[in-house]
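Engineer: So here's my_file.txt, just compact mmCIF, C-alpha atoms and all ligand atoms:
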# COMPACT_ATOMS: atom_id res chain seq x y z
CA MET V 1 19.33 -13.68 10.42
CA VAL V 2 21.21 -16.89 9.68
CA PHE V 3 24.32 -17.63 7.65
CA VAL V 4 24.83 -21.11 6.27
CA LEU V 5 28.53 -21.82 5.99
CA LYS V 6 30.26 -23.72 3.20
CA LEU V 7 31.15 -27.38 3.51
CA GLY V 8 34.32 -28.26 5.36
CA VAL V 9 35.24 -24.84 6.77
CA SER V 10 37.76 -24.94 9.57
CA ARG V 11 36.86 -24.31 13.21
CA GLN V 12 39.31 -21.40 13.23
CA SER V 13 37.61 -19.57 10.37
CA ILE V 14 34.20 -20.14 11.97
CA GLU V 15 35.49 -18.61 15.18
CA GLN V 16 36.91 -15.64 13.27
CA PHE V 17 33.59 -15.07 11.50
CA VAL V 18 31.60 -15.37 14.73
CA GLY V 19 34.07 -13.03 16.49
CA LYS V 20 33.57 -10.40 13.77
CA ILE V 21 29.78 -10.56 14.14
CA GLU V 22 29.85 -10.46 17.93
CA ALA V 23 32.17 -7.44 17.78
CA GLN V 24 29.25 -5.62 16.09
CA GLY V 25 27.09 -6.23 19.17
CA PHE V 26 25.22 -9.38 18.15
CA LYS V 27 24.88 -12.60 20.04
CA THR V 28 25.32 -15.75 17.98
CA PHE V 29 24.05 -19.28 18.12
CA LEU V 30 25.78 -22.06 16.20
CA SER V 31 23.90 -25.01 14.81
CA THR V 32 26.21 -27.74 13.58
CA GLY V 33 24.55 -30.16 11.19
CA THR V 34 26.03 -33.26 9.58
CA GLU V 35 27.35 -31.18 6.68
CA HIS V 36 26.86 -27.46 7.21
CA THR V 37 27.29 -25.14 10.15
CA VAL V 38 24.64 -22.45 10.54
CA VAL V 39 25.39 -19.22 12.39
CA CYS V 40 22.25 -17.54 13.81
CA LEU V 41 22.40 -13.86 14.76
CA ILE V 42 20.38 -12.62 17.68
CA GLY V 43 19.66 -8.90 17.94
CA ASN V 44 18.32 -6.14 15.69
CA THR V 45 19.84 -7.19 12.38
CA SER V 46 18.10 -4.50 10.32
CA THR V 47 21.41 -2.61 10.05
CA ILE V 48 23.19 -5.57 8.46
CA ASP V 49 23.65 -5.71 4.70
CA LEU V 50 23.09 -9.42 4.16
CA ASN V 51 24.58 -9.52 0.65
CA LEU V 52 27.69 -7.71 1.80
CA VAL V 53 28.31 -10.31 4.50
CA VAL V 54 27.91 -13.12 1.97
CA GLU V 55 30.16 -11.41 -0.59
CA THR V 56 32.92 -10.47 1.82
CA ASN V 57 33.17 -13.67 3.87
CA GLU V 58 34.50 -16.54 1.86
CA ILE V 59 33.23 -19.21 4.26
CA VAL V 60 29.57 -18.14 3.88
CA GLU V 61 27.46 -20.11 1.39
CA TYR V 62 24.35 -17.94 1.76
CA GLY V 63 22.40 -15.88 4.27
CA LYS V 64 18.74 -15.51 5.09
CA ARG V 65 16.65 -13.14 7.16
CA VAL V 66 14.42 -15.00 9.55
CA THR V 67 12.95 -11.97 11.25
CA GLU V 68 11.61 -8.94 9.45
CA PRO V 69 13.87 -5.93 8.88
CA TYR V 70 11.00 -3.76 10.11
CA LYS V 71 10.63 -3.84 13.86
CA ALA V 72 8.31 -1.04 14.98
CA VAL V 73 5.58 -1.73 12.42
CA GLY V 74 5.82 -5.52 12.74
CA ARG V 75 3.46 -7.68 14.76
CA THR V 76 6.31 -9.60 16.34
CA VAL V 77 7.19 -6.66 18.54
CA HIS V 78 3.64 -5.22 18.81
CA PRO V 79 1.05 -8.02 18.54
CA GLU V 80 -2.11 -5.92 19.19
CA ASP V 81 -3.84 -4.05 16.35
CA THR V 82 -3.18 -0.32 16.26
CA VAL V 83 -6.32 1.81 16.29
CA ILE V 84 -6.06 5.35 14.94
CA ASN V 85 -8.49 8.03 15.96
CA VAL V 86 -9.14 10.63 13.27
CA GLY V 87 -11.35 13.29 14.80
CA GLY V 88 -13.51 10.67 16.52
CA ALA V 89 -13.52 8.16 13.66
CA ARG V 90 -11.51 5.18 14.84
CA ILE V 91 -9.87 2.93 12.31
CA GLY V 92 -8.26 -0.49 12.85
CA SER V 93 -8.98 -3.63 14.83
CA GLY V 94 -12.34 -4.19 13.16
CA MET V 95 -13.36 -0.54 13.08
CA PHE V 96 -14.05 0.33 9.49
CA GLN V 97 -13.99 3.80 7.94
CA VAL V 98 -14.77 5.09 4.49
CA ILE V 99 -12.88 8.08 3.09
CA SER V 100 -14.54 9.65 0.10
CA GLY V 101 -14.34 12.74 -2.07
CA PRO V 102 -13.06 13.95 -5.41
CA CYS V 103 -9.61 13.33 -6.81
CA SER V 104 -9.02 17.10 -6.78
CA VAL V 105 -10.60 20.02 -5.03
CA GLU V 106 -11.97 22.14 -7.87
CA SER V 107 -14.13 24.84 -6.26
CA GLU V 108 -15.86 25.65 -2.97
CA GLU V 109 -19.22 24.69 -4.41
CA GLN V 110 -17.90 21.32 -5.62
CA ILE V 111 -16.08 20.25 -2.48
CA VAL V 112 -18.86 21.34 -0.12
CA MET V 113 -21.49 19.59 -2.23
CA VAL V 114 -19.49 16.35 -2.37
CA ALA V 115 -18.63 16.53 1.34
CA LYS V 116 -22.28 16.89 2.35
CA ALA V 117 -23.39 14.08 0.06
CA VAL V 118 -20.71 11.55 1.06
CA LYS V 119 -21.32 12.34 4.72
CA ASN V 120 -25.03 11.67 4.26
CA SER V 121 -24.17 8.35 2.65
CA GLY V 122 -22.00 7.35 5.62
CA ALA V 123 -18.42 8.41 4.78
CA THR V 124 -16.51 9.47 7.87
CA MET V 125 -13.62 11.34 6.23
CA LEU V 126 -13.36 13.66 3.24
CA ARG V 127 -10.59 13.28 0.67
CA GLY V 128 -9.59 15.83 -1.94
CA GLY V 129 -6.29 16.68 -3.60
CA ALA V 130 -4.96 20.22 -3.36
CA PHE V 131 -1.48 19.34 -4.62
CA LYS V 132 -1.79 16.77 -7.40
CA PRO V 133 1.09 14.63 -8.64
CA ARG V 134 0.32 14.44 -12.38
CA THR V 135 2.23 12.53 -15.02
CA SER V 136 1.99 15.51 -17.38
CA PRO V 137 3.14 18.96 -16.26
CA TYR V 138 0.38 20.38 -18.48
CA ALA V 139 -2.43 18.60 -16.62
CA PHE V 140 -4.43 20.20 -13.78
CA VAL V 141 -2.10 20.10 -10.79
CA GLY V 142 -4.56 21.23 -8.13
CA LEU V 143 -5.51 24.53 -6.48
CA HIS V 144 -2.64 24.30 -3.97
CA GLU V 145 -3.09 26.56 -0.87
CA GLU V 146 -6.52 27.62 -2.12
CA GLY V 147 -7.50 23.93 -2.31
CA LEU V 148 -6.47 23.42 1.32
CA LYS V 149 -8.61 26.42 2.33
CA LEU V 150 -11.61 24.98 0.49
CA LEU V 151 -11.14 21.61 2.23
CA LEU V 152 -11.23 23.41 5.57
CA ILE V 153 -14.46 25.13 4.55
CA ALA V 154 -15.96 21.72 3.68
CA LYS V 155 -14.75 20.39 7.04
CA LYS V 156 -16.42 23.31 8.81
CA GLU V 157 -19.67 22.72 6.95
CA THR V 158 -19.80 18.95 7.57
CA GLY V 159 -17.53 18.13 10.50
CA LEU V 160 -15.74 15.55 8.34
CA PRO V 161 -12.00 15.23 9.01
CA ILE V 162 -9.95 15.90 5.87
CA VAL V 163 -7.37 13.74 4.12
CA THR V 164 -5.11 15.34 1.53
CA GLU V 165 -1.81 14.64 -0.17
CA ILE V 166 1.51 16.29 0.58
CA MET V 167 4.09 16.40 -2.21
CA ASN V 168 7.21 17.37 -0.29
CA GLN V 169 8.34 18.30 3.20
CA THR V 170 8.51 22.04 2.51
CA GLN V 171 4.68 21.99 2.41
CA LEU V 172 4.31 20.72 5.98
CA PRO V 173 3.54 24.13 7.56
CA LEU V 174 0.55 24.40 5.20
CA PHE V 175 -0.84 21.11 6.54
CA GLU V 176 -1.27 22.37 10.10
CA ASP V 177 -5.08 21.99 10.04
CA VAL V 178 -5.22 18.85 7.89
CA ASP V 179 -6.42 15.78 9.82
CA VAL V 180 -4.67 13.04 7.84
CA ILE V 181 -1.63 13.70 5.66
CA GLN V 182 -1.52 11.45 2.61
CA VAL V 183 1.83 10.30 1.25
CA GLY V 184 0.99 9.17 -2.26
CA ALA V 185 2.21 6.21 -4.27
CA ARG V 186 4.83 8.29 -6.06
CA ASN V 187 6.32 9.45 -2.78
CA MET V 188 6.28 6.16 -0.89
CA GLN V 189 10.06 6.03 -0.98
CA ASN V 190 10.73 9.75 -0.60
CA PHE V 191 12.71 9.10 2.54
CA ASP V 192 13.22 12.76 3.48
CA LEU V 193 9.46 13.28 3.35
CA LEU V 194 8.83 10.09 5.35
CA ARG V 195 11.22 11.31 8.05
CA GLU V 196 9.54 14.71 8.24
CA VAL V 197 6.00 13.34 8.49
CA GLY V 198 7.40 10.96 11.10
CA ARG V 199 8.17 13.99 13.25
CA CYS V 200 4.67 15.42 13.10
CA HIS V 201 1.83 14.35 15.35
CA LYS V 202 -0.82 13.59 12.78
CA PRO V 203 -2.09 10.38 11.25
CA ILE V 204 -0.35 9.56 7.96
CA LEU V 205 -2.02 7.69 5.12
CA LEU V 206 0.82 5.87 3.37
CA LYS V 207 -0.05 4.56 -0.08
CA ARG V 208 1.84 1.69 -1.63
CA GLY V 209 4.00 2.66 -4.58
CA PHE V 210 2.86 1.06 -7.82
CA ALA V 211 6.17 -0.77 -8.21
CA ASN V 212 6.87 -1.49 -4.57
CA THR V 213 6.80 -4.74 -2.65
CA ILE V 214 4.91 -5.30 0.57
CA GLU V 215 8.19 -5.32 2.45
CA GLU V 216 9.17 -1.97 0.93
CA LEU V 217 5.83 -0.50 2.00
CA LEU V 218 6.41 -1.72 5.55
CA MET V 219 9.95 -0.34 5.52
CA SER V 220 8.58 3.06 4.47
CA ALA V 221 6.12 2.90 7.37
CA GLU V 222 9.11 2.00 9.55
CA TYR V 223 10.81 5.28 8.48
CA ILE V 224 7.80 7.22 9.77
CA MET V 225 7.55 5.25 12.98
CA ALA V 226 11.28 5.41 13.64
CA GLU V 227 10.87 9.20 13.97
CA GLY V 228 8.18 8.78 16.62
CA ASN V 229 4.90 8.87 14.70
CA SER V 230 3.03 5.59 15.05
CA GLN V 231 -0.25 6.82 13.56
CA ILE V 232 0.06 5.25 10.13
CA ILE V 233 -2.68 3.89 7.90
CA LEU V 234 -1.40 1.68 5.08
CA CYS V 235 -3.18 1.79 1.73
CA GLU V 236 -3.17 -0.76 -1.09
CA ARG V 237 -3.99 1.13 -4.30
CA GLY V 238 -2.97 -1.28 -7.03
CA ILE V 239 0.40 -2.12 -8.50
CA ARG V 240 1.67 -2.03 -12.06
CA THR V 241 1.64 -5.39 -13.81
CA PHE V 242 1.65 -6.55 -17.44
CA GLU V 243 -2.13 -6.15 -17.48
CA THR V 244 -3.33 -3.06 -19.31
CA ALA V 245 -7.10 -3.59 -19.09
CA THR V 246 -7.13 -1.90 -15.70
CA ARG V 247 -5.14 1.17 -14.62
CA ASN V 248 -3.28 -0.98 -12.07
CA THR V 249 -3.81 -4.43 -10.59
CA LEU V 250 -5.37 -4.51 -7.12
CA ASP V 251 -3.14 -6.77 -5.05
CA ILE V 252 -5.88 -8.26 -2.94
CA SER V 253 -3.53 -10.65 -1.13
CA ALA V 254 -1.56 -7.66 0.15
CA ILE V 255 -4.38 -6.84 2.57
CA PRO V 256 -4.43 -10.01 4.71
CA LEU V 257 -0.66 -10.26 4.37
CA LEU V 258 -0.06 -6.71 5.61
CA LYS V 259 -2.46 -7.31 8.47
CA HIS V 260 -0.65 -10.51 9.33
CA LYS V 261 2.78 -8.88 9.29
CA SER V 262 1.87 -5.52 10.81
CA HIS V 263 -0.38 -4.13 13.51
CA LEU V 264 -1.24 -1.04 11.43
CA PRO V 265 -4.68 -0.52 9.85
CA VAL V 266 -4.88 -1.30 6.14
CA ILE V 267 -7.29 0.36 3.74
CA VAL V 268 -7.96 -0.15 0.05
CA ASP V 269 -8.28 2.42 -2.73
CA PRO V 270 -10.13 0.62 -5.53
CA SER V 271 -10.43 3.83 -7.56
CA HIS V 272 -6.73 4.17 -8.43
CA ALA V 273 -6.36 0.39 -8.58
CA ALA V 274 -9.00 -0.09 -11.28
CA GLY V 275 -9.28 3.24 -13.05
CA ILE V 276 -12.74 2.07 -14.17
CA ARG V 277 -15.93 3.14 -12.39
CA ALA V 278 -17.75 -0.15 -12.91
CA LEU V 279 -15.08 -2.05 -10.97
CA ILE V 280 -15.17 0.08 -7.82
CA THR V 281 -18.07 -1.69 -6.07
CA PRO V 282 -16.87 -5.27 -6.76
CA LEU V 283 -13.34 -4.39 -5.61
CA ALA V 284 -14.66 -2.60 -2.52
CA ARG V 285 -16.61 -5.75 -1.63
CA ALA V 286 -13.46 -7.82 -2.12
CA ALA V 287 -11.53 -5.47 0.18
CA VAL V 288 -14.13 -5.88 2.92
CA ALA V 289 -14.15 -9.65 2.43
CA VAL V 290 -10.39 -9.96 2.98
CA GLY V 291 -10.47 -7.88 6.16
CA ALA V 292 -9.55 -4.33 5.12
CA ASP V 293 -10.04 -1.67 7.80
CA GLY V 294 -11.44 0.86 5.40
CA LEU V 295 -11.78 2.20 1.90
CA MET V 296 -10.81 5.31 0.02
CA ILE V 297 -13.21 6.04 -2.83
CA GLU V 298 -13.09 8.83 -5.41
CA THR V 299 -16.51 10.47 -5.65
CA HIS V 300 -17.40 13.48 -7.77
CA ASN V 301 -20.59 15.49 -8.25
CA ASP V 302 -20.04 15.50 -12.02
CA PRO V 303 -17.48 12.82 -13.02
CA ALA V 304 -17.83 13.52 -16.75
CA ASN V 305 -16.43 17.01 -16.18
CA ALA V 306 -13.96 16.25 -13.38
CA LEU V 307 -10.56 17.91 -13.74
CA CYS V 308 -8.83 14.70 -12.70
CA ASP V 309 -9.69 10.97 -12.66
CA GLY V 310 -13.32 11.31 -13.76
CA ALA V 311 -13.38 7.85 -15.37
CA GLN V 312 -12.83 6.14 -12.04
CA SER V 313 -14.99 8.45 -9.92
CA LEU V 314 -18.40 7.44 -8.68
CA ASN V 315 -21.14 10.01 -8.84
CA LEU V 316 -23.00 10.89 -5.64
CA GLU V 317 -25.80 8.37 -6.22
CA GLN V 318 -23.36 5.58 -7.07
CA PHE V 319 -21.43 6.26 -3.88
CA ASP V 320 -24.64 6.13 -1.88
CA GLU V 321 -25.49 2.77 -3.48
CA LEU V 322 -22.02 1.47 -2.66
CA MET V 323 -22.39 2.44 0.99
CA LYS V 324 -25.74 0.69 1.21
CA ASP V 325 -24.21 -2.38 -0.39
CA LEU V 326 -21.30 -2.38 2.06
CA LYS V 327 -23.28 -1.98 5.26
CA GLY V 328 -24.50 -5.57 5.35
CA ARG V 329 -21.10 -6.91 4.43
CA ILE V 330 -19.11 -4.92 6.96
CA THR V 331 -21.13 -6.23 9.91
CA TYR V 332 -20.35 -9.73 8.75
CA GLU V 333 -16.66 -9.44 7.87
CA ASN V 334 -15.50 -6.65 10.17
CA LYS V 335 -16.67 -6.92 13.73
CA GLN V 336 -17.66 -3.32 14.28
CA MET V 337 -19.14 -0.78 11.93
CA GLY V 338 -17.17 2.41 12.25
CA ILE V 339 -19.44 3.90 9.59
CA ASP V 340 -22.40 3.68 11.95
CA GLN V 341 -20.79 5.97 14.49
C1 LIG D 401 -4.74 10.15 -4.97
O1 LIG D 401 -5.18 9.52 -3.99
O2 LIG D 401 -5.28 11.17 -5.41
C2 LIG D 401 -3.54 9.65 -5.67
C3 LIG D 401 -2.84 10.44 -6.49
O3 LIG D 401 -3.29 8.38 -5.41
P1 LIG D 401 -1.97 7.49 -5.66
O4 LIG D 401 -0.86 8.17 -4.94
O5 LIG D 401 -2.35 6.17 -5.08
O6 LIG D 401 -1.77 7.44 -7.16
MN MN D 402 -7.11 10.42 -8.32
Translate the structure described by the file into structure tokens.
Structural biologist:
Amino acid sequence: MVFVLKLGVSRQSIEQFVGKIEAQGFKTFLSTGTEHTVVCLIGNTSTIDLNLVVETNEIVEYGKRVTEPYKAVGRTVHPEDTVINVGGARIGSGMFQVISGPCSVESEEQIVMVAKAVKNSGATMLRGGAFKPRTSPYAFVGLHEEGLKLLLIAKKETGLPIVTEIMNQTQLPLFEDVDVIQVGARNMQNFDLLREVGRCHKPILLKRGFANTIEELLMSAEYIMAEGNSQIILCERGIRTFETATRNTLDISAIPLLKHKSHLPVIVDPSHAAGIRALITPLARAAVAVGADGLMIETHNDPANALCDGAQSLNLEQFDELMKDLKGRITYENKQMGIDQ
């Protein structure tokens, strides 16, 4: 972090300012230019409120962060890619995984049928919502505990690890047998929940909030990691923009940027980004092309009658086609094919 001081400030006030900063445990480095003096802070400055320093110190013209406020999730501190092992499926550092399944678990027959089909097509994890965050309280909100039980049956039948969303920290005991706990877009900044999942020893799939910046996503991952859990998969799932033709706007540049800034694996959910079935394959190709470590795709045995998100769900044949399409691309763009394991 650096503070650029105003023109013509006295040596005494600079010393006072520097003394105040050093009293907080930081080392400082002064760069004296022809006009301005710049005070550089050395140390973990994530606790400093930059605007407060500018507002409360008259001699400061402006301040700027030069290192990221996130430390644990940043590449600066941890340059190697993190690889996360989910029941034998490794994700990150060129190992690519596809998570597939319906938006919501609807019945045993449905989830088992979808699980078997997506596994046959090459998916390595099964998704399915048991607790659904819905905009309307009158919409289908999931089968709750029963949905979790049905996911476990599908896991038993197929061997696929399961990924499902948690809505709040009181549900954690129910997630004992879940392989990957999903923190959805609407909960990305539920800091109490982030702290609690940070204390558990399971991989966490952290989705980007639809109105959150890349830095905010990384700071939310930092919450989880600060509690000791470093198994975090980041997910770009589209953000809200002025465009209404798609459900959200897939922020494709977020993928290489996140991978540049962080060592964590990054996956893409084109289903919630687009909201339109026909866009899923092109967006999945784009995700692979920009170096994503995986995909999350909504797939349903009967999308027309799905209880949630049917319009964006692929049917079983369409998912199979998508996987065939991706195979050739993944070998080219991503060094290893996790989906061939
Ligand atoms: C989901 O994956 O089912 C979901 C609700 O996604 P998001 O949190 O990205 O909206
Ligand atoms: Mn959905």
Engineer: Report, as lines of an AutoDock Vina configuration file, the centre and edge lengths in Å (one decimal) of the axis-aligned box enclosing every listed atom of ligand LIG 401 (chain D), padded by 8 Å on each side.
Structural biologist:
center_x = -3.1
center_y = 8.7
center_z = -5.6
size_x = 20.4
size_y = 21.0
size_z = 19.2
Engineer: Can you measure CA of Pro69 (chain V) to atom O6 of ligand LIG 401 (chain D) for me? One decimal in Å is fine.
Structural biologist: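 These atoms are spaced 26.1 Å apart.
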Engineer: What lies within 9 Å of Met225 (chain V) using only C-alpha atoms, ignoring chain neighbours under 6 positions off, as a PyMOL selection string?
Structural biologist: chain V and resi 72-73+195+198-199+231-232
Engineer: Could you pull out the residues sitting within 10 Å of ligand MN 402 (chain D), using only C-alpha atoms and all ligand atoms, and write them as number ranges by chain?
Structural biologist: V: 101-104, 128-129, 132-134, 269, 271-272, 275, 297-299, 307-313
Engineer: Nearest to ligand LIG 401 (chain D) among V:Ser100, V:Ser31, V:Asn51, V:Ser107, with distances taken over all atoms listed in the file: which residue is it?
Structural biologist: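 Checking each of V:Ser100, V:Ser31, V:Asn51, V:Ser107 against ligand LIG 401 (chain D), counting all atoms listed in the file, the winner is V:Ser100.
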Engineer: Taking all atoms listed in the file into account, name the residue in V:Thr213, V:Leu279, V:Leu30, V:Leu5 that is nearest to Gln318 (chain V).
Structural biologist: V:Leu279
Engineer: Once you count only C-alpha atoms, which residues end up no further than 12 Å from (-0.7, -5.7, 12.9) in the file's frame, shown as a PyMOL selection string?
Structural biologist: chain V and resi 71-83+92-94+218+232-234+255-266+292-293
Engineer: From the set V:Gln182, V:Gln169, V:Thr241, V:Ser230, which residue has the shortest atom-to-atom contact distance to Ile204 (chain V), counting only C-alpha atoms?
Structural biologist: V:Gln182
Engineer: Have a look at atom O4 of ligand LIG 401 (chain D) and CA of Lys324 (chain V) and let me know their distance in Å, one decimal.
Structural biologist: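 Computing the Euclidean distance for atom O4 of ligand LIG 401 (chain D) and CA of Lys324 (chain V) yields 26.7 Å.
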Engineer: List every residue of region 27-119 of chain V that has an atom at most 12 Å from any atom of region 326-331 of chain V, and for each one report the closest atom pair and its distance in Å to one decimal, counting only C-alpha atoms, with rows sorted by chain and then by increasing residue number, as CSV.
Structural biologist:
residue,atom,partner,partner_atom,distance
V:Gly94,CA,V:Ile330,CA,9.2
V:Met95,CA,V:Ile330,CA,9.5
V:Phe96,CA,V:Ile330,CA,7.7
V:Gln97,CA,V:Ile330,CA,10.2
V:Val98,CA,V:Leu326,CA,10.2
Engineer: When you count all atoms listed in the file, which of these residues is closest to Glu165 (chain V): V:Ala115, V:Val105, V:Cys40, V:Leu217?
Structural biologist: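 Ranked by minimum distance to Glu165 (chain V), first place goes to V:Val105.
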Engineer: Of the residues V:Asn168, V:Met113, V:Gly25, V:Glu108, which is the one nearest to Leu148 (chain V), using only C-alpha atoms?
Structural biologist: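 So, comparing all the options, the nearest one is V:Glu108.
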Engineer: Counting only C-alpha atoms and all ligand atoms, which residue out of V:Ile42, V:Ala274, V:Val118, V:Val112 sits closest to ligand LIG 401 (chain D)?
Structural biologist: V:Ala274
Engineer: Can you tell me how far CA of Arg186 (chain V) sits from CA of Ala211 (chain V), in Å to one decimal?
Structural biologist: 9.4 Å
Engineer: Any idea what's packed within 8 Å of region 10-23 of chain V, counting all atoms listed in the file, ignoring anything in its chain fewer than 4 positions away? Could you give it as a PyMOL selection string?
Structural biologist: chain V and resi 27-28+39+57+59
Engineer: Write out as a list in words each polymer residue whose atoms come within 12 Å of Thr34 (chain V), counting all atoms listed in the file; drop sequence neighbours fewer than 3 positions from it.
Structural biologist: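 Near Thr34 (chain V), the qualifying residues are Leu7, Gly8, Ser31, Thr37 and Val38 of chain V.
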Engineer: Taking (-13.1, -12.0, 2.1) in the file's coordinates as the center, which residues reach within 12 Å of it, counting all atoms listed in the file, put as a PyMOL selection string?
Structural biologist: chain V and resi 252-253+255-256+282-292+329-330+332-334
Engineer: Keeping only C-alpha atoms, take the residues you just selected and write them out as a short mmCIF file (atom, residue, chain, number, x, y, z; two decimals), keeping the file's coordinate frame.
Structural biologist:
data_model
loop_
_atom_site.label_atom_id
_atom_site.label_comp_id
_atom_site.auth_asym_id
_atom_site.auth_seq_id
_atom_site.Cartn_x
_atom_site.Cartn_y
_atom_site.Cartn_z
CA ILE V 252 -5.88 -8.26 -2.94
CA SER V 253 -3.53 -10.65 -1.13
CA ILE V 255 -4.38 -6.84 2.57
CA PRO V 256 -4.43 -10.01 4.71
CA PRO V 282 -16.87 -5.27 -6.76
CA LEU V 283 -13.34 -4.39 -5.61
CA ALA V 284 -14.66 -2.60 -2.52
CA ARG V 285 -16.61 -5.75 -1.63
CA ALA V 286 -13.46 -7.82 -2.12
CA ALA V 287 -11.53 -5.47 0.18
CA VAL V 288 -14.13 -5.88 2.92
CA ALA V 289 -14.15 -9.65 2.43
CA VAL V 290 -10.39 -9.96 2.98
CA GLY V 291 -10.47 -7.88 6.16
CA ALA V 292 -9.55 -4.33 5.12
CA ARG V 329 -21.10 -6.91 4.43
CA ILE V 330 -19.11 -4.92 6.96
CA TYR V 332 -20.35 -9.73 8.75
CA GLU V 333 -16.66 -9.44 7.87
CA ASN V 334 -15.50 -6.65 10.17
#
